[in-house]
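Next comes data_17.csv, a file with CSV, C-alpha atoms.
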```
chain,number,residue,atom,x,y,z
H,1,MET,CA,-100.0,19.6,-2.9
H,2,LYS,CA,-97.8,22.7,-2.2
H,3,THR,CA,-95.4,20.6,-0.2
H,4,SER,CA,-95.0,18.1,-3.0
H,5,ARG,CA,-94.3,20.7,-5.5
H,6,GLN,CA,-91.6,22.3,-3.3
H,7,SER,CA,-89.9,19.0,-2.8
H,8,SER,CA,-89.9,18.3,-6.5
H,9,GLU,CA,-88.4,21.7,-7.2
H,10,ARG,CA,-85.6,21.2,-4.6
H,11,GLY,CA,-84.8,17.8,-6.2
H,12,GLU,CA,-84.6,19.3,-9.6
H,13,THR,CA,-82.4,22.0,-8.2
H,14,ASN,CA,-80.0,19.5,-6.6
H,15,VAL,CA,-79.7,17.4,-9.7
H,16,PHE,CA,-79.0,20.6,-11.7
H,17,LEU,CA,-76.4,21.6,-9.1
H,18,ILE,CA,-74.6,18.2,-9.2
H,19,ALA,CA,-74.6,18.2,-13.0
H,20,THR,CA,-73.1,21.7,-13.0
H,21,ILE,CA,-70.4,20.7,-10.5
H,22,ILE,CA,-69.5,17.6,-12.6
H,23,PHE,CA,-69.4,19.6,-15.8
H,24,ALA,CA,-67.1,22.2,-14.1
H,25,VAL,CA,-64.7,19.5,-12.8
H,26,LEU,CA,-64.6,17.9,-16.3
H,27,ALA,CA,-64.1,21.3,-17.9
H,28,VAL,CA,-61.2,22.1,-15.6
H,29,GLY,CA,-59.6,18.6,-16.2
H,30,LEU,CA,-59.9,19.0,-19.9
H,31,GLY,CA,-58.5,22.5,-19.7
H,32,ILE,CA,-55.5,21.2,-17.8
H,33,GLY,CA,-55.0,18.4,-20.2
H,34,PHE,CA,-55.2,20.6,-23.2
H,35,GLY,CA,-52.9,23.1,-21.6
H,36,TRP,CA,-50.3,20.4,-20.8
H,37,ALA,CA,-50.5,19.1,-24.4
H,38,TYR,CA,-50.1,22.6,-25.7
H,39,LEU,CA,-47.0,23.3,-23.6
H,40,GLN,CA,-45.5,20.0,-24.7
H,41,MET,CA,-46.2,21.0,-28.3
H,42,ILE,CA,-44.5,24.4,-27.8
H,43,ASP,CA,-41.5,22.8,-26.0
H,44,HIS,CA,-41.1,20.2,-28.8
H,45,ARG,CA,-41.4,23.0,-31.4
H,46,ASP,CA,-38.9,25.3,-29.7
H,47,ASN,CA,-36.4,22.7,-28.5
H,48,ALA,CA,-36.7,19.9,-31.2
H,49,ASP,CA,-33.4,21.0,-32.9
H,50,GLU,CA,-31.5,21.0,-29.6
H,51,LYS,CA,-32.9,17.6,-28.5
H,52,VAL,CA,-32.0,16.1,-31.9
H,53,ALA,CA,-28.5,17.6,-31.7
H,54,ALA,CA,-28.1,16.2,-28.1
H,55,ALA,CA,-29.2,12.8,-29.2
H,56,VAL,CA,-26.9,12.8,-32.2
H,57,ALA,CA,-24.0,13.9,-30.0
H,58,ALA,CA,-24.7,11.2,-27.5
H,59,ALA,CA,-24.8,8.5,-30.2
H,60,LYS,CA,-21.6,9.8,-31.7
H,61,ASN,CA,-19.9,9.7,-28.3
H,62,GLU,CA,-21.1,6.1,-27.7
H,63,GLN,CA,-19.8,5.0,-31.1
H,64,LYS,CA,-16.5,6.8,-30.5
H,65,GLN,CA,-16.0,5.0,-27.2
H,66,ALA,CA,-16.9,1.6,-28.9
H,67,ASP,CA,-14.5,2.3,-31.7
H,68,LYS,CA,-11.7,3.2,-29.3
H,69,LYS,CA,-12.3,0.1,-27.2
H,70,GLN,CA,-12.1,-2.1,-30.4
H,71,PHE,CA,-9.0,-0.3,-31.6
H,72,ASP,CA,-7.3,-0.8,-28.2
H,73,GLU,CA,-8.1,-4.5,-28.3
H,74,GLU,CA,-6.8,-4.9,-31.9
H,75,TYR,CA,-3.7,-2.8,-31.2
H,76,LYS,CA,-2.6,-5.4,-28.5
H,77,LYS,CA,-2.2,-7.9,-31.3
H,78,PRO,CA,-0.2,-9.8,-32.3
H,79,ASN,CA,0.6,-11.0,-28.8
H,80,ASP,CA,4.1,-11.4,-27.4
H,81,VAL,CA,5.1,-14.8,-25.8
H,82,PHE,CA,6.4,-15.1,-22.3
H,83,THR,CA,8.5,-18.1,-21.3
H,84,GLY,CA,9.8,-18.7,-17.8
H,85,PRO,CA,13.0,-20.6,-16.8
H,86,ALA,CA,13.3,-24.2,-18.0
H,87,ASP,CA,14.1,-25.4,-14.5
H,88,TYR,CA,10.8,-24.0,-13.3
H,89,GLY,CA,8.7,-25.8,-15.9
H,90,SER,CA,9.1,-23.5,-18.9
H,91,VAL,CA,5.9,-21.7,-18.1
H,92,SER,CA,4.6,-19.9,-21.3
H,93,PHE,CA,1.7,-17.9,-22.4
H,94,GLU,CA,0.7,-15.1,-24.8
H,95,TYR,CA,0.1,-11.6,-23.5
H,96,PRO,CA,-0.7,-8.2,-25.1
H,97,LYS,CA,2.3,-6.6,-27.0
H,98,THR,CA,1.4,-3.2,-25.4
H,99,TRP,CA,2.3,-4.6,-21.9
H,100,SER,CA,5.7,-4.3,-20.3
H,101,VAL,CA,7.4,-7.1,-18.2
H,102,TYR,CA,9.5,-6.7,-15.2
H,103,ILE,CA,11.4,-9.7,-13.7
H,104,ASP,CA,11.6,-9.0,-10.0
H,105,LYS,CA,13.1,-12.4,-8.9
H,106,ASP,CA,14.8,-14.6,-11.5
H,107,GLY,CA,14.8,-17.9,-9.7
H,108,VAL,CA,18.6,-18.2,-9.5
H,109,ASN,CA,19.8,-20.8,-7.0
H,110,SER,CA,16.3,-22.3,-6.7
H,111,SER,CA,14.9,-19.0,-5.3
H,112,GLU,CA,11.4,-17.8,-6.1
H,113,TYR,CA,10.6,-16.6,-9.6
H,114,VAL,CA,8.4,-13.4,-9.8
H,115,ALA,CA,7.4,-11.3,-12.9
H,116,TYR,CA,5.1,-8.4,-13.2
H,117,PHE,CA,3.1,-7.3,-16.3
H,118,ASN,CA,1.4,-4.0,-16.9
H,119,PRO,CA,0.3,-1.8,-19.9
H,120,GLY,CA,2.9,0.8,-20.8
H,121,SER,CA,5.3,0.5,-17.9
H,122,VAL,CA,5.3,-1.5,-14.7
H,123,PRO,CA,4.8,0.6,-11.6
H,124,THR,CA,7.2,0.4,-8.6
H,125,ILE,CA,6.8,-2.9,-6.9
H,126,LYS,CA,4.6,-2.6,-3.8
H,127,ASN,CA,2.2,-5.0,-2.1
H,128,THR,CA,-0.6,-2.4,-2.3
H,129,THR,CA,-0.2,-1.7,-6.1
H,130,SER,CA,-2.5,-3.4,-8.6
H,131,TYR,CA,-0.9,-5.0,-11.7
H,132,ALA,CA,-2.5,-6.3,-14.8
H,133,LEU,CA,-0.7,-9.6,-14.2
H,134,ARG,CA,1.6,-11.2,-11.7
H,135,VAL,CA,3.4,-14.5,-12.2
H,136,ALA,CA,5.2,-16.3,-9.3
H,137,ILE,CA,6.7,-19.7,-8.9
H,138,VAL,CA,7.3,-20.4,-5.2
H,139,ASN,CA,9.1,-23.2,-3.4
H,140,GLN,CA,6.0,-24.4,-1.6
H,141,ARG,CA,3.5,-27.2,-2.2
H,142,ILE,CA,0.2,-26.1,-3.7
H,143,ASP,CA,-1.7,-27.2,-0.6
H,144,GLN,CA,0.4,-25.0,1.6
H,145,VAL,CA,-0.1,-22.0,-0.7
H,146,LEU,CA,-3.9,-22.5,-1.0
H,147,LYS,CA,-4.3,-22.9,2.8
H,148,GLN,CA,-3.6,-19.2,3.3
H,149,TYR,CA,-6.9,-18.4,1.5
H,150,ASP,CA,-9.1,-20.7,3.5
H,151,ASN,CA,-10.4,-18.1,5.9
H,152,ARG,CA,-11.4,-15.6,3.2
H,153,ILE,CA,-13.1,-18.4,1.3
H,154,LYS,CA,-15.1,-19.4,4.4
H,155,GLN,CA,-16.0,-15.7,5.0
H,156,GLY,CA,-17.3,-15.4,1.4
H,157,ASP,CA,-14.7,-12.9,0.3
H,158,LEU,CA,-13.2,-15.4,-2.1
H,159,THR,CA,-14.6,-18.3,-4.2
H,160,ALA,CA,-12.6,-21.3,-5.3
H,161,SER,CA,-13.2,-23.5,-8.3
H,162,THR,CA,-11.3,-26.1,-10.4
H,163,ILE,CA,-9.6,-25.1,-13.6
H,164,ARG,CA,-8.1,-27.2,-16.4
H,165,LEU,CA,-5.8,-25.8,-19.1
H,166,ALA,CA,-7.0,-25.8,-22.7
H,167,ASP,CA,-4.3,-28.1,-24.0
H,168,ALA,CA,-5.1,-30.7,-21.2
H,169,LEU,CA,-8.8,-31.1,-21.7
H,170,ASP,CA,-8.5,-34.2,-23.7
H,171,ASP,CA,-6.1,-35.9,-21.3
H,172,THR,CA,-8.1,-37.0,-18.3
H,173,SER,CA,-5.5,-39.5,-17.0
H,174,SER,CA,-2.7,-37.0,-16.3
H,175,SER,CA,-2.5,-34.4,-13.6
H,176,TYR,CA,-1.1,-31.9,-16.0
H,177,GLY,CA,-3.1,-28.7,-16.4
H,178,LYS,CA,-5.3,-29.4,-13.4
H,179,GLY,CA,-5.4,-26.5,-10.9
H,180,THR,CA,-7.4,-24.2,-8.7
H,181,ARG,CA,-8.9,-20.9,-9.4
H,182,ILE,CA,-9.8,-18.3,-6.8
H,183,ASP,CA,-11.8,-15.1,-7.5
H,184,GLY,CA,-12.8,-12.2,-5.3
H,185,GLN,CA,-11.4,-9.8,-2.6
H,186,PHE,CA,-7.9,-11.0,-1.7
H,187,ASP,CA,-7.2,-8.0,0.5
H,188,LYS,CA,-8.2,-4.3,1.0
H,189,THR,CA,-6.7,-3.3,-2.4
H,190,ILE,CA,-6.7,-6.4,-4.6
H,191,ASN,CA,-10.0,-7.6,-6.0
H,192,GLY,CA,-9.3,-9.9,-8.9
H,193,ALA,CA,-8.6,-13.5,-9.8
H,194,ALA,CA,-5.7,-16.1,-9.5
H,195,VAL,CA,-4.9,-19.6,-10.7
H,196,PHE,CA,-2.6,-22.1,-9.0
H,197,PHE,CA,-0.9,-25.2,-10.5
H,198,ASP,CA,1.5,-27.7,-9.1
H,199,ILE,CA,4.8,-27.9,-11.1
H,200,ARG,CA,7.4,-30.3,-9.8
H,201,GLY,CA,6.6,-29.7,-6.2
H,202,ARG,CA,6.5,-26.0,-6.6
H,203,THR,CA,3.5,-23.8,-7.1
H,204,LEU,CA,2.8,-21.6,-10.1
H,205,GLN,CA,0.6,-18.6,-9.2
H,206,ILE,CA,-0.8,-16.2,-11.8
H,207,PHE,CA,-2.8,-13.2,-10.6
H,208,THR,CA,-4.7,-10.3,-12.1
H,209,ASP,CA,-5.3,-7.6,-9.5
H,210,GLY,CA,-8.4,-5.9,-10.7
H,211,PRO,CA,-11.6,-6.2,-12.9
H,212,ASN,CA,-10.2,-4.0,-15.7
H,213,PHE,CA,-7.9,-6.8,-16.9
H,214,LYS,CA,-10.3,-9.8,-16.5
H,215,SER,CA,-10.8,-10.2,-20.2
H,216,ASP,CA,-7.0,-10.2,-20.8
H,217,PHE,CA,-6.6,-12.7,-18.0
H,218,GLU,CA,-9.1,-15.1,-19.5
H,219,ALA,CA,-7.3,-14.8,-22.9
H,220,ILE,CA,-3.9,-15.5,-21.3
H,221,LEU,CA,-5.2,-18.6,-19.5
H,222,LYS,CA,-6.3,-20.0,-22.9
H,223,THR,CA,-2.7,-20.0,-24.0
H,224,LEU,CA,-1.0,-21.0,-20.7
H,225,LYS,CA,1.3,-24.0,-20.9
H,226,TYR,CA,4.0,-25.6,-18.8
H,227,ARG,CA,6.2,-28.7,-18.6
H,228,ASP,CA,5.3,-31.0,-15.7
```
Could you quickly redo this structure as structure tokens?
Amino acid sequence: MKTSRQSSERGETNVFLIATIIFAVLAVGLGIGFGWAYLQMIDHRDNADEKVAAAVAAAKNEQKQADKKQFDEEYKKPNDVFTGPADYGSVSFEYPKTWSVYIDKDGVNSSEYVAYFNPGSVPTIKNTTSYALRVAIVNQRIDQVLKQYDNRIKQGDLTASTIRLADALDDTSSSYGKGTRIDGQFDKTINGAAVFFDIRGRTLQIFTDGPNFKSDFEAILKTLKYRD
């Protein structure tokens, strides 16, 4: 009987010890939780004004940037109209009035025609310089011009697709307005888009040299026309 009573007492002691440990762990956990909540409350109380001011300042800055972007877009209007030489198909399109135009080659004596467009002023003409828009009419067939991009298309640097001008969508019987568009990395410095059209055996090429002017490029394409 003595042995049985001792075993019972040890069992009761173990249960009590386990319960005490569990209670202690819970107490520590609750203490940490309450402590963290208290610190958060103190931080919120002491820094609420600063956090509200920072949030308001961030919202104002975002709105300011949005307003500036909208103003810049509206300030470009009304657009100016560009028209190329009649002998080269009288290529025409609308472009932002805030852009300048520089005619590098005028097409005299059936030579190439090349024009550059850029906001403000046109930088010095260099192959490594990016421009908002480049227009060229070259004395090569369109298949010859497009062939030079074949390797980069196969490598995946460029992608090619078909394009049709807005004023030619209803005329499916004519070749007018049907062209090729290429997007991607043209070389180490030029990552943009270009369109190519056949005009009287020559090739019209229009490039934008970077992503910053993609929206302007799309708007210009909607107004692009030429005489076949």
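The space separating CA of Ala160 (chain H) from CA of Lys147 (chain H) comes to 11.7 Å.
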Counting only C-alpha atoms, the residue among H:Tyr176, H:Tyr226, H:Tyr131, H:Tyr149 that lies closest to Phe207 (chain H) is H:Tyr131
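For the pair CA of Ser121 (chain H) and CA of Leu158 (chain H), the separation is 29.1 Å.
Between CA of Pro211 (chain H) and CA of Asn191 (chain H) there is a distance of 7.2 Å.
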Residues at most 7 Å from Ser90 (chain H), counting all atoms listed in the file, excluding those fewer than 5 positions away in the same chain, as a VMD selection string? chain H and resid 83 to 85 226 to 227
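Distances to Gln205 (chain H) were evaluated for H:Arg152, H:Lys97, H:Lys105, H:Arg181 using all atoms listed in the file, and the minimum falls at H:Arg181.
With only C-alpha atoms as the atoms that count, the residue of H:Lys214, H:Arg141, H:Lys178, H:Arg134 with the shortest distance to Arg202 (chain H) is H:Arg141.
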Across H:Ile153, H:Leu204, H:Leu146, H:Ala37, the smallest distance to Ala115 (chain H), with only C-alpha atoms counted, is shown by H:Leu204
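By chain and then residue number, the residues within 7 Å of Gly192 (chain H) are Asp183, Gly184, Gln185, Thr208, Asp209, Gly210 and Pro211 of chain H, counting all atoms listed in the file and disregarding those fewer than 4 positions away in sequence.
Using only C-alpha atoms, the nearest neighbour of Phe213 (chain H) within the list H:Thr159, H:Asn151, H:Asn139, H:Ser130 is H:Ser130.
Distance annotation: of H:Asp198, H:Asp150, H:Glu218, H:Asp157, the residue with the minimal separation from Val91 (chain H) is H:Asp198; atom set is all atoms listed in the file.
Neighbouring residues of Ser175 (chain H) at 10 Å or closer, counting all atoms listed in the file and skipping chain neighbours under 2 positions away, are Arg164, Ala168, Asp171, Thr172, Ser173, Gly177, Lys178, Gly179, Phe197, Asp198 and Asp228 of chain H.
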